[in-house]
Amino acid sequence: MTSKLNIAIVGATGVVGSIMRELLAAEREKWGEIRLIASPRSAGKVLNVGDEEITVQAMSPEVFEGIDIAHFDLPDEVSAEWVPVAAEKGAIVIDKSAHFRMEDDVPLVAPEANPEDVRNRPRNIIANANCTTLTLIPSIAPLHREFGLASMSVASYQAASGGGKAGLEALYEQVNKTTPADGLGTKPGDVREALGEEANEAFGAPLAWNVVPKVGGWRDGGWTSEELKVRNESRKMLGHPTLKVASTCVRVPVAIGHAQAVHATFENDVTVEQARAVLEKAEGVTVVDDPGNNVYPTSIDSAGISGTQVGRLRQSVDFPNSLEFFTVGDNLIKGAAENSMQVAELLRKELTES
Ligand SMILES: NC(=O)c1ccc[n+]([C@@H]2O[C@H](COP(=O)([O-])OP(=O)(O)OC[C@H]3O[C@@H](n4cnc5c(N)ncnc54)[C@H](OP(=O)(O)O)[C@@H]3O)[C@@H](O)[C@H]2O)c1
């Protein structure tokens, strides 16, 4: 029986890192020392975890000495370099970057789908999936267990904060620069002109007053990296390597909260009533679905909320064994920090209670 585990938040100054600090503060008594780590730019800053003031340390091999669990909230290329260093120093790393997710000897875990995979970590690295897939998994995993998922087609509506602190700031800046303006957005090119060329930098096109069908980088065949993540990471976490997935990922001018319209086809018969009963019992899912009273999930109502919300549940009319639904979740909470905390809790139980 080990005493309390020591925790590092690596990338503590970022948007995900700041939610990690809030979630850790809420269960501070469970954990030992908390260390905050970021780039040399942030070294010496003092950040809070609840009432506790902690000085940020610059990344180095030594900062991982004595750390049991390291939550990595860093850009892909920085994780690629530093995750193995932390693991070598004896920390179990829960990494939120895309770098290790599809490696065979790194489990990709969402507790609603495959909690048992946490124990199979030969490199002491556990990956956290991308925020779009993580907001889909709490609803699709229990439906898959009950009815056998054959295929799904997903359209996402993703918030600016999915692009980190820089993405969120870019949206605020663009909105501030173009509000108010009579008739803005009604004449050819007027928004682009008001924002200038630099508004293309963060998302490839202006995000204020816009809907942008590109999230991530371009890949073969016209797909984006985000669309491939939805397919490949869903397959891995559901343990369903032949699952058929179509996805289109779209950025929308929302600060927080990734939404998805889902068309799912099952091997077995499924009715709306059966699916609703499964979702009402599912961990990490709140059914928000009373269309007659205008009750359905929205992005702004998901911000700051644990888990995911599901609504607009309908039987497909033209497709057998199929359902349509809409799901929303805070991309920084269930889409990132909360999942990482759930994985850490599985580790805490394994390491301190057995
Ligand atoms: N945003 C989301 O919705 C979301 C959801 C799921 C997963 N993720 C993943 O989570 C990770 C963090 O994303 P984020 O949105 O929080 O990004 P972010 O707001 O841009 O924060 C990035 C963090 O990385 C640190 N960092 C950058 N370069 C570093 C270096 N060389 N050494 C040490 N620290 C360094 C930054 O520290 P400084 O402040 O010192 O520069 C900052 O703390 C990414 O892998 C992202 O893909 C994000």
# chains A, B, ... in the order shown; residues from 1 in each chain; ligands from 1
>>> closest_atom_pairs(of="chain A", to="ligand 1", cutoff="6 Å", atoms="only C-alpha atoms and all ligand atoms", output="Markdown table")
| residue | atom | partner | partner_atom_place_in_ligand_line | distance |
| --- | --- | --- | --- | --- |
| A:Gly11 | CA | ligand 1 | 43 (O) | 3.2 |
| A:Ala12 | CA | ligand 1 | 43 (O) | 4.8 |
| A:Thr13 | CA | ligand 1 | 43 (O) | 3.8 |
| A:Gly14 | CA | ligand 1 | 21 (O) | 3.2 |
| A:Val15 | CA | ligand 1 | 16 (O) | 4.1 |
| A:Val16 | CA | ligand 1 | 16 (O) | 3.7 |
| A:Gly17 | CA | ligand 1 | 16 (O) | 5.6 |
| A:Ala38 | CA | ligand 1 | 34 (N) | 3.8 |
| A:Ser39 | CA | ligand 1 | 33 (C) | 3.4 |
| A:Arg41 | CA | ligand 1 | 40 (O) | 4.8 |
| A:Ser42 | CA | ligand 1 | 40 (O) | 4.2 |
| A:Met59 | CA | ligand 1 | 33 (C) | 5.2 |
| A:Asp73 | CA | ligand 1 | 12 (C) | 3.9 |
| A:Leu74 | CA | ligand 1 | 24 (O) | 3.9 |
| A:Pro75 | CA | ligand 1 | 45 (O) | 4.3 |
| A:Asp76 | CA | ligand 1 | 45 (O) | 5.2 |
| A:Val78 | CA | ligand 1 | 31 (N) | 5.6 |
| A:Lys96 | CA | ligand 1 | 10 (O) | 4.7 |
| A:Ser97 | CA | ligand 1 | 45 (O) | 3.3 |
| A:Asn130 | CA | ligand 1 | 6 (C) | 4.8 |
| A:Cys131 | CA | ligand 1 | 6 (C) | 4.3 |
| A:Ser161 | CA | ligand 1 | 1 (N) | 5.2 |
| A:Gly162 | CA | ligand 1 | 3 (O) | 3.4 |
| A:Gly163 | CA | ligand 1 | 1 (N) | 5.4 |
| A:Gly164 | CA | ligand 1 | 15 (O) | 3.0 |
| A:Lys165 | CA | ligand 1 | 19 (O) | 3.8 |
| A:Asn331 | CA | ligand 1 | 3 (O) | 4.5 |
| A:Leu332 | CA | ligand 1 | 3 (O) | 4.7 |
| A:Gly335 | CA | ligand 1 | 5 (C) | 5.2 |
| A:Ala336 | CA | ligand 1 | 6 (C) | 4.2 |
>>> residues_around(residues="Glu22 (chain A)", least_positions_apart="5", cutoff="9 Å", atoms="only C-alpha atoms", output="ChimeraX atom specification")
/A:17,48-50
>>> write_last_selection(atoms="N, CA and C atoms", output="PDB file, in the first residue's frame")
ATOM      1  N   GLY A  17      -4.458  22.815 -19.002  1.00  0.00           N
ATOM      2  CA  GLY A  17      -3.751  22.817 -17.717  1.00  0.00           C
ATOM      3  C   GLY A  17      -4.523  23.589 -16.654  1.00  0.00           C
ATOM      4  N   ASN A  48      -2.483  28.974  -8.850  1.00  0.00           N
ATOM      5  CA  ASN A  48      -3.211  28.351  -7.747  1.00  0.00           C
ATOM      6  C   ASN A  48      -3.757  26.983  -8.107  1.00  0.00           C
ATOM      7  N   VAL A  49      -3.709  26.112  -7.110  1.00  0.00           N
ATOM      8  CA  VAL A  49      -4.517  24.883  -7.147  1.00  0.00           C
ATOM      9  C   VAL A  49      -5.394  25.011  -5.911  1.00  0.00           C
ATOM     10  N   GLY A  50      -6.628  25.478  -6.099  1.00  0.00           N
ATOM     11  CA  GLY A  50      -7.450  25.864  -4.956  1.00  0.00           C
ATOM     12  C   GLY A  50      -6.778  27.021  -4.233  1.00  0.00           C
TER      13      GLY A  50
END
>>> closest_residue(among="A:Gly216, A:Gly90, A:Gly221, A:Gly167", to="Val250 (chain A)", atoms="only C-alpha atoms")
A:Gly216
>>> closest_residue(among="A:Ala202, A:Val175, A:Val154, A:Val272", to="Thr248 (chain A)", atoms="only C-alpha atoms")
A:Val154
>>> select_by_dssp(residues="region 71-301 of chain A", states="helix (DSSP H, G or I)", output="PyMOL selection string")
chain A and resi 76-88+115-119+131-147+160-177+190-195+197-200+220-222+225-238+272-281+291-293+299-301
>>> closest_residue(among="A:Ala344, A:Ala261, A:Ile7, A:Ala86", to="Arg314 (chain A)", atoms="only C-alpha atoms")
A:Ala261
>>> atom_distance(atom1="CA of Ala303 (chain A)", atom2="CA of Val230 (chain A)")
21.3 Å
>>> select_by_dssp(residues="region 12-82 of chain A", states="strand (DSSP E or B)", output="list in words")
Ile34, Arg35, Leu36, Ile37, Ala38, Val46, Leu47, Asn48, Val49, Glu52, Glu53, Ile54, Thr55, Gln57, Ala58, Ile69, Ala70, His71 and Phe72 of chain A
>>> residues_around(residues="Val245 (chain A)", least_positions_apart="3", cutoff="12 Å", atoms="only C-alpha atoms", output="short mmCIF file (atom, residue, chain, number, x, y, z; two decimals) with C-alpha atoms, in the first residue's frame")
data_model
loop_
_atom_site.label_atom_id
_atom_site.label_comp_id
_atom_site.auth_asym_id
_atom_site.auth_seq_id
_atom_site.Cartn_x
_atom_site.Cartn_y
_atom_site.Cartn_z
CA THR A 133 -13.88 11.60 -29.82
CA LEU A 149 -22.35 -0.54 -33.45
CA ALA A 150 -21.92 -1.26 -37.18
CA SER A 151 -21.19 2.23 -38.47
CA MET A 152 -21.44 5.88 -37.55
CA SER A 153 -21.40 9.14 -39.41
CA VAL A 154 -20.44 12.16 -37.36
CA ALA A 155 -20.46 15.90 -38.10
CA GLU A 227 -11.52 13.49 -39.00
CA LEU A 228 -9.06 10.59 -39.04
CA LYS A 229 -8.71 10.84 -35.24
CA VAL A 230 -12.46 10.44 -34.79
CA ARG A 231 -12.31 7.26 -36.87
CA ASN A 232 -9.10 5.69 -35.58
CA GLU A 233 -9.40 6.65 -31.92
CA SER A 234 -13.05 5.51 -31.74
CA ARG A 235 -12.05 2.15 -33.21
CA HIS A 240 -13.81 -2.39 -32.83
CA PRO A 241 -11.11 -2.27 -35.54
CA THR A 242 -13.59 -2.73 -38.42
CA THR A 248 -16.66 15.83 -41.08
CA VAL A 262 -24.38 11.51 -34.96
CA HIS A 263 -26.01 8.96 -37.28
CA ALA A 264 -25.35 5.49 -35.83
CA THR A 265 -26.30 2.13 -37.31
#
>>> residues_around(residues="region 31-37 of chain A", least_positions_apart="2", cutoff="8 Å", atoms="only C-alpha atoms", output="list in words")
Lys4, Leu5, Asn6, Ile7, Ala8, Ile9, Val10, Gly11, Ala12, Glu27, Arg28, Glu29, Ser39, Ala43, Ile54, Thr55, Val56, Gln57, Ala58, Met59 and Val63 of chain A
>>> write_last_selection(atoms="N, CA, C and O atoms", output="mmCIF file, in the first residue's frame")
data_model
loop_
_atom_site.group_PDB
_atom_site.id
_atom_site.type_symbol
_atom_site.label_atom_id
_atom_site.label_comp_id
_atom_site.auth_asym_id
_atom_site.auth_seq_id
_atom_site.Cartn_x
_atom_site.Cartn_y
_atom_site.Cartn_z
ATOM 1 N N LYS A 4 -0.051 8.694 -0.454
ATOM 2 C CA LYS A 4 -0.655 9.504 -1.522
ATOM 3 C C LYS A 4 0.302 9.704 -2.695
ATOM 4 O O LYS A 4 1.495 9.922 -2.502
ATOM 5 N N LEU A 5 -0.251 9.689 -3.894
ATOM 6 C CA LEU A 5 0.574 9.793 -5.099
ATOM 7 C C LEU A 5 0.883 11.252 -5.412
ATOM 8 O O LEU A 5 0.016 12.130 -5.261
ATOM 9 N N ASN A 6 2.113 11.492 -5.864
ATOM 10 C CA ASN A 6 2.529 12.843 -6.254
ATOM 11 C C ASN A 6 2.195 13.088 -7.724
ATOM 12 O O ASN A 6 2.421 12.213 -8.574
ATOM 13 N N ILE A 7 1.709 14.286 -7.984
ATOM 14 C CA ILE A 7 1.147 14.590 -9.302
ATOM 15 C C ILE A 7 1.902 15.749 -9.939
ATOM 16 O O ILE A 7 2.203 16.741 -9.267
ATOM 17 N N ALA A 8 2.144 15.645 -11.262
ATOM 18 C CA ALA A 8 2.639 16.804 -12.020
ATOM 19 C C ALA A 8 1.601 17.175 -13.068
ATOM 20 O O ALA A 8 1.007 16.287 -13.702
ATOM 21 N N ILE A 9 1.391 18.483 -13.240
ATOM 22 C CA ILE A 9 0.616 18.956 -14.397
ATOM 23 C C ILE A 9 1.616 19.640 -15.306
ATOM 24 O O ILE A 9 2.210 20.667 -14.938
ATOM 25 N N VAL A 10 1.820 19.053 -16.453
ATOM 26 C CA VAL A 10 2.855 19.533 -17.372
ATOM 27 C C VAL A 10 2.144 20.270 -18.518
ATOM 28 O O VAL A 10 1.407 19.646 -19.292
ATOM 29 N N GLY A 11 2.342 21.588 -18.546
ATOM 30 C CA GLY A 11 1.529 22.440 -19.429
ATOM 31 C C GLY A 11 0.469 23.123 -18.577
ATOM 32 O O GLY A 11 -0.650 23.364 -19.020
ATOM 33 N N ALA A 12 0.854 23.424 -17.332
ATOM 34 C CA ALA A 12 -0.104 23.936 -16.336
ATOM 35 C C ALA A 12 -0.639 25.316 -16.671
ATOM 36 O O ALA A 12 -1.660 25.733 -16.132
ATOM 37 N N GLU A 27 -10.418 17.811 -5.553
ATOM 38 C CA GLU A 27 -10.171 16.551 -4.827
ATOM 39 C C GLU A 27 -8.744 16.529 -4.265
ATOM 40 O O GLU A 27 -8.057 15.514 -4.301
ATOM 41 N N ARG A 28 -8.364 17.700 -3.759
ATOM 42 C CA ARG A 28 -6.988 17.894 -3.307
ATOM 43 C C ARG A 28 -6.547 16.862 -2.264
ATOM 44 O O ARG A 28 -5.399 16.420 -2.252
ATOM 45 N N GLU A 29 -7.469 16.487 -1.400
ATOM 46 C CA GLU A 29 -7.096 15.603 -0.273
ATOM 47 C C GLU A 29 -6.655 14.210 -0.728
ATOM 48 O O GLU A 29 -5.977 13.502 0.020
ATOM 49 N N SER A 39 6.785 25.783 -19.954
ATOM 50 C CA SER A 39 8.015 26.128 -20.682
ATOM 51 C C SER A 39 8.844 27.101 -19.829
ATOM 52 O O SER A 39 8.327 27.692 -18.880
ATOM 53 N N ALA A 43 8.358 29.840 -16.187
ATOM 54 C CA ALA A 43 9.018 29.459 -14.923
ATOM 55 C C ALA A 43 8.971 30.624 -13.955
ATOM 56 O O ALA A 43 9.199 31.786 -14.329
ATOM 57 N N ILE A 54 1.382 27.680 -6.076
ATOM 58 C CA ILE A 54 2.487 26.816 -6.494
ATOM 59 C C ILE A 54 3.279 27.534 -7.583
ATOM 60 O O ILE A 54 2.702 28.079 -8.525
ATOM 61 N N THR A 55 4.593 27.514 -7.444
ATOM 62 C CA THR A 55 5.448 28.179 -8.437
ATOM 63 C C THR A 55 5.698 27.224 -9.605
ATOM 64 O O THR A 55 6.071 26.065 -9.421
ATOM 65 N N VAL A 56 5.495 27.742 -10.803
ATOM 66 C CA VAL A 56 5.686 26.929 -12.014
ATOM 67 C C VAL A 56 7.178 26.680 -12.238
ATOM 68 O O VAL A 56 8.001 27.581 -12.112
ATOM 69 N N GLN A 57 7.508 25.423 -12.561
ATOM 70 C CA GLN A 57 8.907 25.069 -12.849
ATOM 71 C C GLN A 57 9.084 24.861 -14.357
ATOM 72 O O GLN A 57 8.163 24.394 -15.025
ATOM 73 N N ALA A 58 10.265 25.185 -14.844
ATOM 74 C CA ALA A 58 10.559 24.939 -16.265
ATOM 75 C C ALA A 58 10.785 23.447 -16.484
ATOM 76 O O ALA A 58 11.298 22.751 -15.604
ATOM 77 N N MET A 59 10.400 22.985 -17.641
ATOM 78 C CA MET A 59 10.591 21.577 -17.990
ATOM 79 C C MET A 59 12.069 21.184 -17.894
ATOM 80 O O MET A 59 12.945 21.891 -18.411
ATOM 81 N N VAL A 63 12.521 17.642 -12.902
ATOM 82 C CA VAL A 63 11.219 17.997 -12.302
ATOM 83 C C VAL A 63 10.337 16.762 -12.134
ATOM 84 O O VAL A 63 9.334 16.819 -11.426
#
>>> atom_distance(atom1="CA of Gly148 (chain A)", atom2="CA of Glu267 (chain A)")
5.2 Å
>>> residues_around(residues="Asn294 (chain A)", least_positions_apart="6", cutoff="12 Å", atoms="only C-alpha atoms", output="list in words")
Val288, Gly311 and Arg312 of chain A
>>> closest_residue(among="A:Glu201, A:Asp220, A:Glu146, A:Glu112", to="Asn268 (chain A)", atoms="only C-alpha atoms")
A:Glu146
>>> atom_distance(atom1="CA of Lys349 (chain A)", atom2="CA of Ile94 (chain A)")
15.5 Å
>>> residues_around(residues="Lys334 (chain A)", least_positions_apart="4", cutoff="8 Å", atoms="only C-alpha atoms", output="JSON, numbers by chain")
{"A": [131, 134, 135, 306, 307, 308, 329, 330, 338, 339]}
>>> closest_residue(among="A:Gln309, A:Thr298, A:Asn200, A:Asn293", to="Leu279 (chain A)", atoms="only C-alpha atoms")
A:Gln309
>>> closest_residue(among="A:His144, A:His71, A:Arg251, A:Arg276", to="Ala113 (chain A)", atoms="only C-alpha atoms")
A:His144
